[in-house]
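Asks: I am attaching a structure below and will ask some questions about it afterwards.
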Amino acid sequence: MKTRRPRLARLATHLLLGLLAAAPAGAASAVQTVVQDPYLELRTGPGRGFPVTQVVDRGAAVSLLRRRTDWIKVRGADGTEGWAHRTQLERTLTPEGEAPALAGPAPEARTEHRWETTLATGDFDGASVVSGSVGYLPAPNLLLRADVSHLLGNYSNGWLGTVGIAHVFMPQWRVSPFVGLGGGVLRIEPKATLVQAEDRTDTTAYAGIGLRGYLTNRFLLQAEYRQYVVFTSRDDNEEIDAWTLGFAYFF
Amino acid sequence: MDPGLRLLLLSGLALAALSAPPVAQAQDVVGAAPATPQVVEPRVKRREVEPAAIDSENFEAGAFLGVVGIEDFGSSFSYGARIAYHFTEDVFAEATIGTAEAGRTSYEELSGSAELLTDSERRFTHYDLAVGWNVLPGEVFLGGSRAMPSAVYVTLGAGSTRFAGDDHFTVVLGAGLRLLANDWLAVHVDARNIAFESDLLGDNKLTHNLQFTFGLTAFF
């Protein structure tokens, strides 16, 4: 059984609610589940580095309070609290006789996710780039994305905003190639120390090629090369090579 | 007659007529009946089970304050905000923004009145996007009876610093300690090196701006 992670909208409300009431919540919506393993190990914190200090025996019920990454805080009938791992809680049964839906992303999420975000750094015609992007996948191998890049060079700085479309060739593979096209706006601000330099804003278009590789089921390492054509107001258009390396994460 | 029953009888008859000699007909109708669909369809609907509504708290946001040593410009009070997303128990991504007001260089102090920068150029603002790794998860013991979950982490990020009228590409290397005061509140102590190239004082050089901060964040 696969579960879909909260969509962006749900995420935004979550974020808003969290900011409004950054108080302990979760007790109201506690899900009950009954331990099936000989015992359920409870740790003091959400991680394998924390010690197991208590256990809950088989047949005892626990309430699921909150989740952080793959760890869930549970409370036993006698008030015992601790963090249990997702994989062990998947072997428990709810009063409906089913395993609680806690699963992390399965490998099929590679072709089923809809939203992803990317952070990358690289080189844009000699200048360093820091970029962030949001992608939406209406189909497993079609990626629509919007990027914002901050360009930081020796002689000028700038901003680049683009929207584009990419075709991912084998999204189910661990490493998959992709090609992309897009366009946007490039703003260049020459450094203050240069004489007679003027800020300029031009439109630009790019063609790109890249590779995406899954580090985990939800994490991608992404390398991309793009060639930009900048439609300047001067006589010649400018051609710019850019490459970036970054990681993507999907929801 | 109920249509189901009629269908049943008719199908039984048809089967018998096709397969058996006329003498054995009656016996076959009786024998064929149990193999056909149930007369009474059970109308039990399985209850829909909602996926477990557990509060996932993988975001962490908060503010920090401390001191930053701006190379050649002395140390200044620094403050800012951070937001992090925890991918796994080991790895997280973090966006940080911080600001400080740079002091004066020794040259400016000694010469008396020669100002290298205007007031607005002295504003030191940096942002970065980083990946962090919880290297040492564990516990911090306070006295004999209280233990707080903690983690020592390292971060590596890239971003930009606006200082002296220019933006500079910035690499940030950091290390910190996160203490969980309770389930949703964390206390951070961080040391970060905000490194960027600057040609402000003539030659292009890599400047290291060390920042020490204390912060509070909430998980949500």
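Within each chain, counting starts at residue 1; across the structure tokens, chains are named A, B, ... in the order shown, with ligands numbered 1 upward in that order.
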Could you give me, as a PyMOL selection string, the residues within 7 Å of A:Glu224, counting only C-alpha atoms and dropping anything in the same chain fewer than 6 positions from it?
Replies: chain A and resi 208-211+243-245
Asks: Do a neighbour search on stretch 148-161 of chain B at 9 Å with only C-alpha atoms, toss out local chain neighbours closer than 5 positions, and write the hits as number ranges by chain.
Replies: A: 44-46, 50, 120-121, 129-131, 150, 152; B: 90, 92-95, 124-142, 166-182, 186, 192, 194, 196
Asks: Would you save the residues from that selection as a PDB file, in the first residue's frame, using C-alpha atoms?
Replies:
```pdb
ATOM      1  CA  THR A  44      14.216   8.630  24.081  1.00  0.00           C
ATOM      2  CA  GLY A  45      14.492  10.583  20.830  1.00  0.00           C
ATOM      3  CA  PRO A  46      13.653  10.387  17.124  1.00  0.00           C
ATOM      4  CA  PHE A  50      19.051   7.499  21.151  1.00  0.00           C
ATOM      5  CA  ALA A 120      21.642  23.772  -6.939  1.00  0.00           C
ATOM      6  CA  THR A 121      24.912  25.558  -7.387  1.00  0.00           C
ATOM      7  CA  VAL A 129      25.211  30.431  -9.344  1.00  0.00           C
ATOM      8  CA  VAL A 130      22.921  29.642  -6.447  1.00  0.00           C
ATOM      9  CA  SER A 131      19.558  28.482  -7.671  1.00  0.00           C
ATOM     10  CA  HIS A 150      21.344  34.326  -8.212  1.00  0.00           C
ATOM     11  CA  LEU A 152      27.590  36.144  -8.588  1.00  0.00           C
TER      12      LEU A 152
ATOM     13  CA  ASP B  90      20.397  12.082   9.463  1.00  0.00           C
ATOM     14  CA  PHE B  92      18.351  17.988   6.498  1.00  0.00           C
ATOM     15  CA  ALA B  93      18.284  21.066   4.285  1.00  0.00           C
ATOM     16  CA  GLU B  94      18.508  24.498   5.765  1.00  0.00           C
ATOM     17  CA  ALA B  95      18.007  28.049   4.502  1.00  0.00           C
ATOM     18  CA  PHE B 124      26.505  42.772   6.047  1.00  0.00           C
ATOM     19  CA  THR B 125      23.632  40.537   4.893  1.00  0.00           C
ATOM     20  CA  HIS B 126      24.077  36.911   3.913  1.00  0.00           C
ATOM     21  CA  TYR B 127      21.862  34.048   2.905  1.00  0.00           C
ATOM     22  CA  ASP B 128      22.645  30.453   2.111  1.00  0.00           C
ATOM     23  CA  LEU B 129      21.030  27.149   1.250  1.00  0.00           C
ATOM     24  CA  ALA B 130      22.745  24.264   2.955  1.00  0.00           C
ATOM     25  CA  VAL B 131      22.648  20.535   3.440  1.00  0.00           C
ATOM     26  CA  GLY B 132      23.206  19.312   6.958  1.00  0.00           C
ATOM     27  CA  TRP B 133      24.163  15.980   8.447  1.00  0.00           C
ATOM     28  CA  ASN B 134      23.480  14.960  12.035  1.00  0.00           C
ATOM     29  CA  VAL B 135      26.848  13.401  12.796  1.00  0.00           C
ATOM     30  CA  LEU B 136      26.476  12.665  16.476  1.00  0.00           C
ATOM     31  CA  PRO B 137      22.959  12.038  17.734  1.00  0.00           C
ATOM     32  CA  GLY B 138      22.798  11.470  21.450  1.00  0.00           C
ATOM     33  CA  GLU B 139      21.838  12.960  24.741  1.00  0.00           C
ATOM     34  CA  VAL B 140      23.007  15.815  26.900  1.00  0.00           C
ATOM     35  CA  PHE B 141      22.692  15.197  30.613  1.00  0.00           C
ATOM     36  CA  LEU B 142      21.651  17.987  32.918  1.00  0.00           C
ATOM     37  CA  ASP B 166      28.346  44.180  -3.859  1.00  0.00           C
ATOM     38  CA  ASP B 167      26.978  40.666  -3.790  1.00  0.00           C
ATOM     39  CA  HIS B 168      29.566  37.953  -3.283  1.00  0.00           C
ATOM     40  CA  PHE B 169      29.206  34.231  -3.891  1.00  0.00           C
ATOM     41  CA  THR B 170      29.504  32.654  -0.475  1.00  0.00           C
ATOM     42  CA  VAL B 171      30.334  29.212   0.813  1.00  0.00           C
ATOM     43  CA  VAL B 172      29.217  28.477   4.349  1.00  0.00           C
ATOM     44  CA  LEU B 173      30.677  25.697   6.440  1.00  0.00           C
ATOM     45  CA  GLY B 174      29.074  25.215   9.808  1.00  0.00           C
ATOM     46  CA  ALA B 175      28.833  22.991  12.823  1.00  0.00           C
ATOM     47  CA  GLY B 176      26.334  23.126  15.615  1.00  0.00           C
ATOM     48  CA  LEU B 177      24.622  21.479  18.513  1.00  0.00           C
ATOM     49  CA  ARG B 178      20.853  21.024  18.613  1.00  0.00           C
ATOM     50  CA  LEU B 179      19.217  20.334  21.965  1.00  0.00           C
ATOM     51  CA  LEU B 180      15.576  19.306  22.103  1.00  0.00           C
ATOM     52  CA  ALA B 181      14.097  21.124  25.078  1.00  0.00           C
ATOM     53  CA  ASN B 182      10.793  19.320  24.540  1.00  0.00           C
ATOM     54  CA  ALA B 186      15.014  23.117  20.012  1.00  0.00           C
ATOM     55  CA  ARG B 192      29.738  29.017  10.933  1.00  0.00           C
ATOM     56  CA  ILE B 194      30.913  32.561   5.953  1.00  0.00           C
ATOM     57  CA  PHE B 196      33.622  34.794   0.154  1.00  0.00           C
TER      58      PHE B 196
END
```
Asks: Please identify all polymer residues within 12 Å of A:Thr80, counting only C-alpha atoms, omitting same-chain residues fewer than 5 positions from it, and present them as a PyMOL selection string.
Replies: chain A and resi 40-44+53-57+60-63+73-75
Asks: Taking the backbone alone, and naming residues the way the document does, which bits of stretch 65-196 of chain B are strand (DSSP E) by DSSP, as a ChimeraX atom specification?
Replies: /B:65-69,75-86,91-101,123-142,146-163,166-180,185-196
Asks: Residues near stretch 197-202 of chain A, anyone? I mean within 6 Å using only C-alpha atoms, not counting same-chain ones fewer than 2 positions away, as JSON, numbers by chain.
Replies: {"A": [185, 186, 187, 188, 189, 190, 195, 232]}
Asks: Would you work out the distance separating atom CA of A:Val31 from atom CA of A:Arg86, expressed in Å to one decimal?
Replies: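 Between atom CA of A:Val31 and atom CA of A:Arg86 the gap works out to 13.9 Å.
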Asks: Using only C-alpha atoms, pick whichever of B:Thr88, B:Asn204, B:Gln211, B:Ser76 has the shortest atom-to-atom distance to chain A.
Replies: B:Thr88
Asks: May I ask which of the residues A:Pro38, A:Gly132, A:Gly213, A:Gly59 is the closest one to chain B, counting only C-alpha atoms?
Replies: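 Of all the options, A:Gly132 lies closest to chain B.
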Asks: I'd like the contact shell of B:Thr217 - 8 Å cut-off, only C-alpha atoms, skipping same-chain residues fewer than 6 positions apart - returned as a list in words.
Replies: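 The filter keeps Glu60, Ala61, Gly62, Ala63, Leu185, Ala186, Val187 and His188 of chain B.
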Asks: Go ahead and write the residues just picked, C-alpha atoms, as a PDB file, in the first residue's frame.
Replies:
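Once written, out.pdb looks like this:
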```pdb
ATOM      1  CA  GLU B  60      12.001  23.520  11.873  1.00  0.00           C
ATOM      2  CA  ALA B  61      11.982  27.329  11.901  1.00  0.00           C
ATOM      3  CA  GLY B  62      13.359  29.922  14.214  1.00  0.00           C
ATOM      4  CA  ALA B  63      15.678  32.816  14.894  1.00  0.00           C
ATOM      5  CA  LEU B 185      11.301  23.319  20.826  1.00  0.00           C
ATOM      6  CA  ALA B 186      15.014  23.117  20.012  1.00  0.00           C
ATOM      7  CA  VAL B 187      17.964  25.164  21.201  1.00  0.00           C
ATOM      8  CA  HIS B 188      20.868  25.645  18.791  1.00  0.00           C
TER       9      HIS B 188
END
```
Asks: Quick one: pull the distance between atom CA of A:Gly153 and atom CA of A:Ser128, Å, one decimal.
Replies: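 A separation of 6.0 Å between them.
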Asks: Could you check how far atom CA of B:Arg43 sits from atom CA of A:Val34, in Å to one decimal?
Replies: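 Atom-to-atom, atom CA of B:Arg43 to atom CA of A:Val34, that is 29.1 Å.
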Asks: Can you pull out every residue from stretch 15-170 of chain A that DSSP, working from the backbone, puts in helix (DSSP H, G or I), and format the result as a list in words?
Replies: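 Taking stretch 15-170 of chain A and keeping helix (DSSP H, G or I) only, one gets Leu15, Leu16, Leu17, Gly18, Leu19, Leu20, Ala27, Ala28, Ser29, Arg86, Thr87, Gln88, Leu89, Ala109, Arg110, Thr111 and Glu112 of chain A.
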Asks: Please provide as a list of chain:residue names all residues within 10 Å of A:Gln88, with the sequence filter that same-chain residues fewer than 2 positions apart are discarded (counting only C-alpha atoms).
Replies: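 Near A:Gln88, the qualifying residues are A:Val35, A:Gln36, A:Asp37, A:Tyr39, A:Leu40, A:Glu41, A:Trp71, A:Ala84, A:His85, A:Arg86, A:Glu90, A:Arg91, A:Thr92.
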Asks: Create the file for the chosen residues now, containing C-alpha atoms and written as a PDB file, in the first residue's frame.
Replies:
```pdb
ATOM      1  CA  VAL A  35       1.620  -4.223  19.176  1.00  0.00           C
ATOM      2  CA  GLN A  36       2.110  -7.552  17.329  1.00  0.00           C
ATOM      3  CA  ASP A  37       5.864  -8.003  17.750  1.00  0.00           C
ATOM      4  CA  TYR A  39       7.682  -6.018  22.137  1.00  0.00           C
ATOM      5  CA  LEU A  40       7.858  -2.478  20.721  1.00  0.00           C
ATOM      6  CA  GLU A  41      11.092  -0.639  21.433  1.00  0.00           C
ATOM      7  CA  TRP A  71      10.181   8.006  13.927  1.00  0.00           C
ATOM      8  CA  ALA A  84       9.351   3.992  17.806  1.00  0.00           C
ATOM      9  CA  HIS A  85      10.570   3.342  14.289  1.00  0.00           C
ATOM     10  CA  ARG A  86       8.122   3.303  11.382  1.00  0.00           C
ATOM     11  CA  GLU A  90       3.991  -1.104  10.422  1.00  0.00           C
ATOM     12  CA  ARG A  91       3.850  -4.522  12.056  1.00  0.00           C
ATOM     13  CA  THR A  92       1.130  -3.383  14.487  1.00  0.00           C
TER      14      THR A  92
END
```
Asks: Here is a test: counting only C-alpha atoms, which residue of B:Gly66, B:Pro42, B:Gly165, B:Gly98 is nearest to chain A?
Replies: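 Checking each candidate against chain A, we get B:Gly165 as the closest.
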